[in-house]
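Asks: If it helps, the file is called structure.cif and holds mmCIF, C-alpha atoms and all ligand atoms:
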data_data
#
loop_
_atom_site.group_PDB
_atom_site.id
_atom_site.type_symbol
_atom_site.label_atom_id
_atom_site.label_comp_id
_atom_site.auth_asym_id
_atom_site.auth_seq_id
_atom_site.Cartn_x
_atom_site.Cartn_y
_atom_site.Cartn_z
ATOM 1 C CA MET A 1 -4.545 64.439 -18.069
ATOM 2 C CA LYS A 2 -5.381 61.815 -15.457
ATOM 3 C CA ILE A 3 -3.223 58.732 -14.940
ATOM 4 C CA PHE A 4 -4.669 55.708 -13.097
ATOM 5 C CA VAL A 5 -2.481 52.829 -11.933
ATOM 6 C CA ALA A 6 -4.058 49.433 -11.207
ATOM 7 C CA LYS A 7 -3.672 48.424 -7.567
ATOM 8 C CA ASN A 8 -2.352 44.941 -8.314
ATOM 9 C CA ALA A 9 0.045 45.948 -11.089
ATOM 10 C CA GLY A 10 3.424 44.250 -11.012
ATOM 11 C CA TYR A 11 5.142 41.431 -9.124
ATOM 12 C CA CYS A 12 2.943 38.662 -7.820
ATOM 13 C CA PHE A 13 3.765 36.810 -4.631
ATOM 14 C CA GLY A 14 5.395 33.840 -6.457
ATOM 15 C CA VAL A 15 7.647 35.966 -8.644
ATOM 16 C CA GLN A 16 8.608 38.214 -5.721
ATOM 17 C CA LYS A 17 9.639 35.129 -3.767
ATOM 18 C CA ALA A 18 11.662 33.691 -6.682
ATOM 19 C CA ILE A 19 13.556 36.944 -7.184
ATOM 20 C CA GLU A 20 14.319 37.271 -3.462
ATOM 21 C CA THR A 21 15.514 33.654 -3.432
ATOM 22 C CA ALA A 22 17.853 34.336 -6.360
ATOM 23 C CA GLU A 23 19.202 37.512 -4.739
ATOM 24 C CA LYS A 24 19.777 35.821 -1.378
ATOM 25 C CA SER A 25 21.482 32.838 -3.023
ATOM 26 C CA ILE A 26 24.282 35.066 -4.307
ATOM 27 C CA ASN A 27 26.083 35.109 -0.963
ATOM 28 C CA GLN A 28 24.769 31.825 0.459
ATOM 29 C CA TYR A 29 25.240 28.970 -1.957
ATOM 30 C CA PRO A 30 28.007 27.329 -3.995
ATOM 31 C CA LYS A 31 28.892 29.270 -7.134
ATOM 32 C CA PRO A 32 28.351 29.404 -10.026
ATOM 33 C CA ILE A 33 24.636 29.961 -9.586
ATOM 34 C CA TYR A 34 22.187 29.262 -12.382
ATOM 35 C CA THR A 35 18.460 29.562 -12.899
ATOM 36 C CA LEU A 36 16.832 26.895 -15.019
ATOM 37 C CA GLY A 37 15.284 29.164 -17.629
ATOM 38 C CA PRO A 38 15.055 32.921 -17.041
ATOM 39 C CA ILE A 39 13.846 33.512 -13.454
ATOM 40 C CA ILE A 40 11.151 35.828 -14.800
ATOM 41 C CA HIS A 41 10.171 37.121 -18.212
ATOM 42 C CA ASN A 42 11.824 40.439 -17.709
ATOM 43 C CA ASN A 43 15.058 41.253 -19.521
ATOM 44 C CA GLN A 44 15.999 44.092 -17.174
ATOM 45 C CA VAL A 45 15.821 41.880 -14.076
ATOM 46 C CA ILE A 46 17.695 39.044 -15.785
ATOM 47 C CA LYS A 47 20.523 41.393 -16.785
ATOM 48 C CA GLY A 48 20.678 42.717 -13.208
ATOM 49 C CA LEU A 49 21.085 39.173 -11.862
ATOM 50 C CA GLU A 50 23.714 38.345 -14.492
ATOM 51 C CA ASN A 51 25.729 41.331 -13.302
ATOM 52 C CA GLN A 52 25.701 39.733 -9.846
ATOM 53 C CA GLY A 53 26.720 36.284 -11.129
ATOM 54 C CA VAL A 54 23.366 34.513 -11.539
ATOM 55 C CA TYR A 55 22.968 33.103 -15.044
ATOM 56 C CA ALA A 56 20.008 31.564 -16.846
ATOM 57 C CA ILE A 57 20.620 28.188 -18.526
ATOM 58 C CA ASP A 58 18.193 26.036 -20.477
ATOM 59 C CA LYS A 59 19.505 22.532 -19.661
ATOM 60 C CA VAL A 60 20.846 20.927 -16.489
ATOM 61 C CA ASN A 61 23.515 18.981 -18.425
ATOM 62 C CA LYS A 62 25.292 22.225 -19.263
ATOM 63 C CA VAL A 63 26.249 22.598 -15.585
ATOM 64 C CA GLN A 64 29.210 20.821 -13.953
ATOM 65 C CA GLN A 65 29.117 22.366 -10.484
ATOM 66 C CA GLY A 66 27.385 24.958 -8.317
ATOM 67 C CA THR A 67 23.747 25.709 -7.615
ATOM 68 C CA ILE A 68 20.589 25.543 -9.707
ATOM 69 C CA ILE A 69 17.528 27.609 -8.831
ATOM 70 C CA ILE A 70 14.153 26.291 -9.962
ATOM 71 C CA ARG A 71 12.003 29.269 -10.912
ATOM 72 C CA SER A 72 8.394 29.982 -9.948
ATOM 73 C CA HIS A 73 7.009 28.047 -12.969
ATOM 74 C CA GLY A 74 8.231 24.780 -11.431
ATOM 75 C CA VAL A 75 9.624 21.750 -13.275
ATOM 76 C CA GLU A 76 8.878 18.066 -13.835
ATOM 77 C CA PRO A 77 10.218 15.472 -11.344
ATOM 78 C CA LYS A 78 12.914 14.176 -13.697
ATOM 79 C CA ILE A 79 14.653 17.567 -13.540
ATOM 80 C CA TYR A 80 15.104 17.232 -9.754
ATOM 81 C CA GLU A 81 16.645 13.797 -10.379
ATOM 82 C CA GLN A 82 19.013 15.147 -13.046
ATOM 83 C CA ILE A 83 20.178 17.934 -10.730
ATOM 84 C CA LYS A 84 20.740 15.528 -7.825
ATOM 85 C CA LYS A 85 22.617 13.049 -10.034
ATOM 86 C CA ARG A 86 25.078 15.748 -11.035
ATOM 87 C CA GLY A 87 25.716 16.580 -7.388
ATOM 88 C CA LEU A 88 24.433 20.138 -7.722
ATOM 89 C CA LYS A 89 22.710 22.149 -5.004
ATOM 90 C CA ILE A 90 18.974 22.717 -5.669
ATOM 91 C CA ILE A 91 17.161 25.842 -4.576
ATOM 92 C CA ASP A 92 13.466 25.353 -5.216
ATOM 93 C CA ALA A 93 11.622 28.619 -5.857
ATOM 94 C CA THR A 94 8.545 26.953 -7.388
ATOM 95 C CA CYS A 95 5.520 29.113 -6.540
ATOM 96 C CA PRO A 96 3.461 27.335 -3.835
ATOM 97 C CA TYR A 97 0.354 27.697 -6.008
ATOM 98 C CA VAL A 98 2.095 25.857 -8.851
ATOM 99 C CA LYS A 99 3.390 23.234 -6.405
ATOM 100 C CA ASN A 100 -0.221 22.702 -5.335
ATOM 101 C CA ILE A 101 -1.206 21.919 -8.956
ATOM 102 C CA GLN A 102 1.705 19.495 -9.321
ATOM 103 C CA ASN A 103 0.633 17.680 -6.127
ATOM 104 C CA LYS A 104 -2.977 17.394 -7.272
ATOM 105 C CA VAL A 105 -1.981 16.119 -10.693
ATOM 106 C CA GLN A 106 0.324 13.507 -9.174
ATOM 107 C CA LYS A 107 -2.324 12.372 -6.671
ATOM 108 C CA TYR A 108 -5.157 11.951 -9.180
ATOM 109 C CA TYR A 109 -2.908 10.418 -11.815
ATOM 110 C CA GLN A 110 -1.915 7.770 -9.286
ATOM 111 C CA LYS A 111 -5.613 7.176 -8.561
ATOM 112 C CA GLY A 112 -6.208 6.430 -12.239
ATOM 113 C CA TYR A 113 -7.755 9.694 -13.476
ATOM 114 C CA GLN A 114 -7.011 11.068 -16.936
ATOM 115 C CA ILE A 115 -5.380 14.438 -16.269
ATOM 116 C CA ILE A 116 -6.443 17.398 -18.395
ATOM 117 C CA ILE A 117 -4.534 20.672 -18.202
ATOM 118 C CA VAL A 118 -6.227 23.746 -19.645
ATOM 119 C CA GLY A 119 -3.400 25.947 -20.831
ATOM 120 C CA ASN A 120 -0.640 26.421 -23.351
ATOM 121 C CA LYS A 121 1.334 23.238 -23.978
ATOM 122 C CA ARG A 122 4.517 25.201 -24.678
ATOM 123 C CA HIS A 123 4.368 27.169 -21.412
ATOM 124 C CA PRO A 124 7.050 26.001 -18.933
ATOM 125 C CA GLU A 125 4.542 25.763 -16.062
ATOM 126 C CA VAL A 126 2.328 23.418 -18.109
ATOM 127 C CA ILE A 127 5.312 21.345 -19.275
ATOM 128 C CA GLY A 128 6.386 21.039 -15.627
ATOM 129 C CA VAL A 129 2.904 20.088 -14.367
ATOM 130 C CA ASN A 130 2.554 17.450 -17.097
ATOM 131 C CA GLY A 131 5.706 15.798 -15.782
ATOM 132 C CA TRP A 132 3.895 14.975 -12.509
ATOM 133 C CA CYS A 133 1.622 12.575 -14.414
ATOM 134 C CA ASP A 134 4.420 11.065 -16.511
ATOM 135 C CA ASN A 135 3.626 13.402 -19.413
ATOM 136 C CA THR A 136 0.256 11.742 -20.035
ATOM 137 C CA ALA A 137 -1.952 14.828 -19.624
ATOM 138 C CA ILE A 138 -4.237 16.037 -22.375
ATOM 139 C CA ILE A 139 -3.440 19.729 -22.784
ATOM 140 C CA LEU A 140 -6.225 21.891 -24.155
ATOM 141 C CA ASP A 141 -5.989 25.504 -25.184
ATOM 142 C CA SER A 142 -9.120 25.924 -27.281
ATOM 143 C CA ILE A 143 -12.777 24.970 -27.327
ATOM 144 C CA LYS A 144 -12.217 23.139 -30.598
ATOM 145 C CA GLU A 145 -9.544 20.963 -28.986
ATOM 146 C CA ALA A 146 -11.914 20.254 -26.084
ATOM 147 C CA GLU A 147 -14.699 19.227 -28.475
ATOM 148 C CA ASN A 148 -12.387 16.758 -30.178
ATOM 149 C CA ILE A 149 -11.219 14.754 -27.179
ATOM 150 C CA SER A 150 -12.434 11.190 -26.578
ATOM 151 C CA ASN A 151 -14.762 10.122 -23.767
ATOM 152 C CA TYR A 152 -13.130 9.205 -20.458
ATOM 153 C CA GLN A 153 -14.446 7.389 -17.434
ATOM 154 C CA ARG A 154 -12.607 9.521 -14.860
ATOM 155 C CA VAL A 155 -11.099 12.923 -15.510
ATOM 156 C CA CYS A 156 -9.209 15.430 -13.363
ATOM 157 C CA ILE A 157 -8.987 18.954 -14.783
ATOM 158 C CA VAL A 158 -6.570 21.670 -13.683
ATOM 159 C CA SER A 159 -5.715 25.032 -15.226
ATOM 160 C CA GLN A 160 -2.514 26.905 -15.970
ATOM 161 C CA THR A 161 -2.312 29.610 -13.296
ATOM 162 C CA THR A 162 -2.376 32.548 -15.709
ATOM 163 C CA ILE A 163 -5.229 31.725 -18.084
ATOM 164 C CA ILE A 164 -8.415 33.762 -18.407
ATOM 165 C CA GLN A 165 -11.300 32.530 -16.214
ATOM 166 C CA LYS A 166 -13.911 32.647 -18.984
ATOM 167 C CA HIS A 167 -11.679 30.573 -21.273
ATOM 168 C CA PHE A 168 -11.267 27.923 -18.553
ATOM 169 C CA SER A 169 -15.029 27.736 -17.909
ATOM 170 C CA GLU A 170 -15.822 27.397 -21.623
ATOM 171 C CA ILE A 171 -13.347 24.554 -22.106
ATOM 172 C CA VAL A 172 -14.496 22.761 -18.936
ATOM 173 C CA SER A 173 -18.125 22.932 -20.080
ATOM 174 C CA LYS A 174 -17.185 21.000 -23.231
ATOM 175 C CA ILE A 175 -15.414 18.266 -21.261
ATOM 176 C CA ILE A 176 -18.328 17.713 -18.869
ATOM 177 C CA ALA A 177 -20.316 15.946 -21.562
ATOM 178 C CA LYS A 178 -17.428 13.597 -22.266
ATOM 179 C CA SER A 179 -16.817 11.848 -18.978
ATOM 180 C CA ARG A 180 -18.640 9.985 -16.240
ATOM 181 C CA GLU A 181 -16.731 11.342 -13.258
ATOM 182 C CA ILE A 182 -14.967 14.696 -13.222
ATOM 183 C CA ILE A 183 -12.882 16.460 -10.611
ATOM 184 C CA ILE A 184 -12.266 20.090 -11.497
ATOM 185 C CA PHE A 185 -9.646 22.210 -9.759
ATOM 186 C CA ASN A 186 -9.836 25.818 -10.761
ATOM 187 C CA THR A 187 -6.146 26.512 -10.247
ATOM 188 C CA ILE A 188 -6.097 29.930 -11.886
ATOM 189 C CA CYS A 189 -4.097 32.092 -9.526
ATOM 190 C CA ASN A 190 -6.131 34.589 -7.548
ATOM 191 C CA THR A 191 -3.565 37.298 -8.221
ATOM 192 C CA THR A 192 -3.968 36.703 -11.937
ATOM 193 C CA THR A 193 -7.759 36.912 -11.763
ATOM 194 C CA LYS A 194 -7.632 40.125 -9.717
ATOM 195 C CA ARG A 195 -5.127 41.719 -12.072
ATOM 196 C CA GLN A 196 -7.205 40.757 -15.104
ATOM 197 C CA GLU A 197 -10.423 42.079 -13.560
ATOM 198 C CA GLU A 198 -8.780 45.384 -12.697
ATOM 199 C CA ALA A 199 -7.358 45.646 -16.212
ATOM 200 C CA LYS A 200 -10.816 45.047 -17.672
ATOM 201 C CA LYS A 201 -12.465 47.660 -15.434
ATOM 202 C CA LEU A 202 -9.750 50.217 -16.002
ATOM 203 C CA SER A 203 -9.619 49.733 -19.771
ATOM 204 C CA LYS A 204 -13.353 50.486 -19.978
ATOM 205 C CA VAL A 205 -13.008 53.961 -18.480
ATOM 206 C CA VAL A 206 -9.794 55.334 -20.006
ATOM 207 C CA ASP A 207 -8.785 56.621 -23.447
ATOM 208 C CA ALA A 208 -5.581 54.602 -23.517
ATOM 209 C CA MET A 209 -4.091 51.657 -21.611
ATOM 210 C CA ILE A 210 -0.412 51.024 -21.064
ATOM 211 C CA ILE A 211 0.552 47.474 -20.122
ATOM 212 C CA ILE A 212 4.091 47.114 -18.846
ATOM 213 C CA GLY A 213 5.735 43.711 -19.024
ATOM 214 C CA GLY A 214 8.041 41.372 -20.946
ATOM 215 C CA TYR A 215 7.036 40.780 -24.566
ATOM 216 C CA HIS A 216 7.356 37.014 -23.889
ATOM 217 C CA SER A 217 5.439 37.076 -20.600
ATOM 218 C CA SER A 218 2.267 35.010 -20.915
ATOM 219 C CA ASN A 219 0.335 36.819 -18.161
ATOM 220 C CA THR A 220 1.282 40.228 -19.636
ATOM 221 C CA GLN A 221 0.075 39.138 -23.074
ATOM 222 C CA LYS A 222 -3.246 38.085 -21.512
ATOM 223 C CA LEU A 223 -3.617 41.544 -19.947
ATOM 224 C CA VAL A 224 -2.954 43.116 -23.330
ATOM 225 C CA SER A 225 -5.597 40.974 -25.011
ATOM 226 C CA ILE A 226 -8.182 41.786 -22.301
ATOM 227 C CA CYS A 227 -7.497 45.525 -22.524
ATOM 228 C CA LYS A 228 -7.613 45.535 -26.334
ATOM 229 C CA LYS A 229 -11.203 44.301 -26.153
ATOM 230 C CA TYR A 230 -12.326 47.386 -24.247
ATOM 231 C CA CYS A 231 -9.805 50.030 -25.234
ATOM 232 C CA LYS A 232 -8.545 50.290 -28.791
ATOM 233 C CA ASN A 233 -5.574 52.422 -27.734
ATOM 234 C CA THR A 234 -3.755 49.690 -25.818
ATOM 235 C CA TYR A 235 0.044 49.773 -25.708
ATOM 236 C CA HIS A 236 2.279 46.912 -24.590
ATOM 237 C CA ILE A 237 5.698 48.166 -23.519
ATOM 238 C CA GLU A 238 8.690 46.638 -21.708
ATOM 239 C CA THR A 239 10.184 49.898 -20.481
ATOM 240 C CA TYR A 240 9.521 53.614 -20.857
ATOM 241 C CA LYS A 241 11.777 53.610 -23.932
ATOM 242 C CA ASP A 242 9.031 51.808 -25.877
ATOM 243 C CA LEU A 243 6.488 54.518 -25.134
ATOM 244 C CA SER A 244 5.594 57.127 -27.735
ATOM 245 C CA ILE A 245 5.004 60.329 -25.776
ATOM 246 C CA ALA A 246 3.749 62.012 -28.964
ATOM 247 C CA GLU A 247 0.851 59.534 -29.047
ATOM 248 C CA ILE A 248 0.263 59.417 -25.314
ATOM 249 C CA LYS A 249 -0.138 63.152 -24.964
ATOM 250 C CA THR A 250 -3.207 63.089 -27.194
ATOM 251 C CA TYR A 251 -5.200 61.264 -24.487
ATOM 252 C CA ASN A 252 -6.935 62.645 -21.408
ATOM 253 C CA LYS A 253 -7.316 59.524 -19.282
ATOM 254 C CA ILE A 254 -4.617 56.869 -19.206
ATOM 255 C CA GLY A 255 -4.636 53.561 -17.348
ATOM 256 C CA ILE A 256 -1.496 51.671 -16.383
ATOM 257 C CA THR A 257 -1.123 48.075 -15.334
ATOM 258 C CA ALA A 258 1.741 45.587 -15.409
ATOM 259 C CA GLY A 259 2.366 41.853 -15.620
ATOM 260 C CA ALA A 260 3.342 39.647 -12.689
ATOM 261 C CA SER A 261 7.002 39.767 -13.659
ATOM 262 C CA THR A 262 7.330 43.541 -13.869
ATOM 263 C CA PRO A 263 9.328 45.078 -11.013
ATOM 264 C CA ASP A 264 8.000 48.160 -9.246
ATOM 265 C CA TRP A 265 10.967 50.249 -10.322
ATOM 266 C CA ILE A 266 10.116 49.750 -14.000
ATOM 267 C CA ILE A 267 6.506 50.805 -13.373
ATOM 268 C CA LYS A 268 7.675 53.863 -11.411
ATOM 269 C CA GLU A 269 10.174 54.736 -14.116
ATOM 270 C CA VAL A 270 7.444 54.687 -16.798
ATOM 271 C CA ILE A 271 5.206 56.937 -14.685
ATOM 272 C CA GLU A 272 7.996 59.362 -13.800
ATOM 273 C CA LYS A 273 9.272 59.656 -17.373
ATOM 274 C CA MET A 274 5.706 60.179 -18.613
ATOM 275 C CA GLN A 275 5.081 62.856 -16.013
ATOM 276 C CA ASN A 276 8.366 64.606 -16.772
ATOM 277 C CA LYS A 277 7.978 64.522 -20.535
ATOM 278 C CA LEU A 278 4.344 65.562 -20.479
ATOM 279 C CA SER A 279 4.832 68.404 -18.080
ATOM 280 C CA GLU A 280 7.806 69.753 -20.059
ATOM 281 C CA ASN A 281 6.720 73.056 -21.587
ATOM 282 C CA ASN A 282 3.547 72.781 -19.478
ATOM 283 C CA GLU A 283 2.026 70.549 -22.135
ATOM 284 C CA LYS A 284 -0.335 68.834 -19.725
ATOM 285 C CA GLN A 285 -1.528 69.174 -16.171
ATOM 286 C CA ILE A 286 -1.228 65.647 -14.736
ATOM 287 C CA ASP A 287 -3.371 64.169 -11.950
ATOM 288 C CA PHE A 288 -2.242 60.861 -10.625
ATOM 289 C CA GLU A 289 -4.134 58.055 -8.880
ATOM 290 C CA ASP A 290 -2.164 55.000 -7.933
ATOM 291 C CA SER A 291 -4.729 52.566 -6.601
ATOM 292 C CA PHE A 292 -7.402 51.892 -9.167
ATOM 293 C CA GLU A 293 -9.278 48.637 -8.403
HETATM 294 FE FE1 LIG B 1 2.404 32.065 -8.367
HETATM 295 FE FE2 LIG B 1 0.223 33.263 -9.087
HETATM 296 FE FE3 LIG B 1 2.501 34.416 -9.425
HETATM 297 S S1 LIG B 1 0.731 31.155 -9.397
HETATM 298 S S2 LIG B 1 3.952 32.786 -9.751
HETATM 299 S S3 LIG B 1 1.560 33.912 -7.463
HETATM 300 S S4 LIG B 1 0.810 34.492 -10.844
#
Represent the structure from my file as structure tokens, please.

Replies:
Amino acid sequence: MKIFVAKNAGYCFGVQKAIETAEKSINQYPKPIYTLGPIIHNNQVIKGLENQGVYAIDKVNKVQQGTIIIRSHGVEPKIYEQIKKRGLKIIDATCPYVKNIQNKVQKYYQKGYQIIIVGNKRHPEVIGVNGWCDNTAIILDSIKEAENISNYQRVCIVSQTTIIQKHFSEIVSKIIAKSREIIIFNTICNTTTKRQEEAKKLSKVVDAMIIIGGYHSSNTQKLVSICKKYCKNTYHIETYKDLSIAEIKTYNKIGITAGASTPDWIIKEVIEKMQNKLSENNEKQIDFEDSFE
């Protein structure tokens, strides 16, 4: 058996930074320390932070004192005001790429453009970005929705950082016919694009794909949907415990990738457990390549 691991599997720059910020805050800032929403979509990491006294909350008004960390997804401006009003310390771990989208949206909204966000309206990043244009953005997640919008004189389009490039292009092409002046910012994160391209390539050449990442993680779900197109034996797991070794051992070539919120140690654990289980009783000879791109 050969196991290939995608080069860009796991933590992206923004998530890495948010986690480090949360870990450093433990000894630096007023306690209790909270994150507004789970810092990443990974239950194992969240539990680890809870054990060190960093708790996820869903609303600022639940907090009387201490520190609030804004996660990489970012938030709308009114949240900063609420935190300040309550006299709480703010640690802003918004990913710089998301901050860049918020700034663009604010700038073009103030210039009178209709803002369009291509993405999922329930995703926290999109909810946050919409706040920077007073929640007036049109949020589109399908071609049908794009076909149904009205005509606008001036439009500014941005994308959720984790959407699929092809999906963005298709939606944008529908909007072009509906406005006189359009500014398009392709704000899909480079890391996301690279990870998705690797997943696509890898899933075409293996018998089975394993995608490691939180079941609620949007970017992990996208990887799963890409891989399913090219490899029918695609498995989405959170940890090695979700993996059926009985099924896995029937394959000869296995690809592994992971979402942006999957720590390295979880990826390593999956690989190690697979190697150990598969080599028990000399069931399989395993070759390992850890930099497929
Ligand atoms: Fe930031 Fe890109 Fe990660 S936008 S949070 S570096 S996926």

Asks: Which residues fall under the PyMOL selection byres (((not hetatm)) within 12 of (chain B and resi 1)) in this file, as a ChimeraX atom specification?

Replies: /A:8-19,39-41,71-74,93-102,124-126,159-164,186-196,217-220,222,259-262

Asks: Would you kindly translate the PyMOL selection byres (((chain A and resi 115) around 10) and not hetatm) into the concrete residues it picks from this file, as a PyMOL selection string?

Replies: chain A and resi 104-106+108-109+112-114+116-118+130+133+135-139+154-158+183

Asks: State, in Å with one decimal place, the distance from CA of Ala199 in chain A to CA of Cys227 in chain A.

Replies: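 Computing the Euclidean distance for CA of Ala199 in chain A and CA of Cys227 in chain A yields 6.3 Å.
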
Asks: Which is closest to Lys121 in chain A among A:Ile210, A:Val224, A:Leu140, A:Val270, if we use all atoms listed in the file?

Replies: A:Leu140

Asks: Please check which residues have atoms at most 12 Å from (26.0, 43.5, -7.3) in the file's coordinates, counting all atoms listed in the file, and write them as a PyMOL selection string.

Replies: chain A and resi 23-24+26-27+47-54

Asks: The PyMOL selection byres (((chain A and resi 177) around 12) and not hetatm) - which residues does that actually catch in the file I just gave you? List them as a PDB file with C-alpha atoms, in the coordinates of the input.

Replies:
ATOM      1  CA  ALA A 146     -11.914  20.254 -26.084  1.00  0.00           C
ATOM      2  CA  GLU A 147     -14.699  19.227 -28.475  1.00  0.00           C
ATOM      3  CA  ASN A 148     -12.387  16.758 -30.178  1.00  0.00           C
ATOM      4  CA  ILE A 149     -11.219  14.754 -27.179  1.00  0.00           C
ATOM      5  CA  SER A 150     -12.434  11.190 -26.578  1.00  0.00           C
ATOM      6  CA  ASN A 151     -14.762  10.122 -23.767  1.00  0.00           C
ATOM      7  CA  TYR A 152     -13.130   9.205 -20.458  1.00  0.00           C
ATOM      8  CA  GLN A 153     -14.446   7.389 -17.434  1.00  0.00           C
ATOM      9  CA  VAL A 155     -11.099  12.923 -15.510  1.00  0.00           C
ATOM     10  CA  ILE A 171     -13.347  24.554 -22.106  1.00  0.00           C
ATOM     11  CA  VAL A 172     -14.496  22.761 -18.936  1.00  0.00           C
ATOM     12  CA  SER A 173     -18.125  22.932 -20.080  1.00  0.00           C
ATOM     13  CA  LYS A 174     -17.185  21.000 -23.231  1.00  0.00           C
ATOM     14  CA  ILE A 175     -15.414  18.266 -21.261  1.00  0.00           C
ATOM     15  CA  ILE A 176     -18.328  17.713 -18.869  1.00  0.00           C
ATOM     16  CA  LYS A 178     -17.428  13.597 -22.266  1.00  0.00           C
ATOM     17  CA  SER A 179     -16.817  11.848 -18.978  1.00  0.00           C
ATOM     18  CA  ARG A 180     -18.640   9.985 -16.240  1.00  0.00           C
ATOM     19  CA  GLU A 181     -16.731  11.342 -13.258  1.00  0.00           C
ATOM     20  CA  ILE A 182     -14.967  14.696 -13.222  1.00  0.00           C
TER      21      ILE A 182
END

Asks: Dump as a PyMOL selection string all residues having an atom at most 12 Å from (29.1, 16.6, -5.3), computed in the file's coordinates with only C-alpha atoms.

Replies: chain A and resi 30+64-67+83-90

Asks: Work out how far apart CA of Lys200 in chain A and CA of Ser279 in chain A are and give it in Å to one decimal.

Replies: 28.1 Å

Asks: Would you work out the distance separating CA of Trp132 in chain A from CA of Gln110 in chain A, expressed in Å to one decimal?

Replies: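 If I compute the distance from CA of Trp132 in chain A to CA of Gln110 in chain A, I get 9.8 Å.
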
Asks: Between A:Glu81, A:Asp92, A:Asp207, A:Glu272, single out the one closest to Lys232 in chain A, counting all atoms listed in the file.

Replies: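 Of all the options, A:Asp207 lies closest to Lys232 in chain A.
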
Asks: As AutoDock Vina command-line options, please report the centre and edge lengths, rounded to one decimal in Å, of the axis-aligned box that holds all listed atoms of range 234-250 of chain A with 4 Å of padding on each of the six sides.

Replies:
--center_x 4.0 --center_y 54.9 --center_z -24.8 --size_x 23.5 --size_y 24.5 --size_z 16.6

Asks: Go through A:Gly214, A:Ala208, A:Ile33, A:Val45 and flag the residue nearest Thr250 in chain A, using only C-alpha atoms for the distances.

Replies: A:Ala208

Asks: Nearest to Ile256 in chain A: which of A:Val206, A:Ile226, A:Leu278, A:Ile211 is it, counting only C-alpha atoms?

Replies: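 The closest residue to Ile256 in chain A is A:Ile211.
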
Asks: Return the single residue from A:Asn43, A:Thr35, A:Ser225, A:Thr239 that is closest to Ile212 in chain A, with distances computed using all atoms listed in the file.

Replies: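 Closest to Ile212 in chain A, using all atoms listed in the file: A:Thr239.
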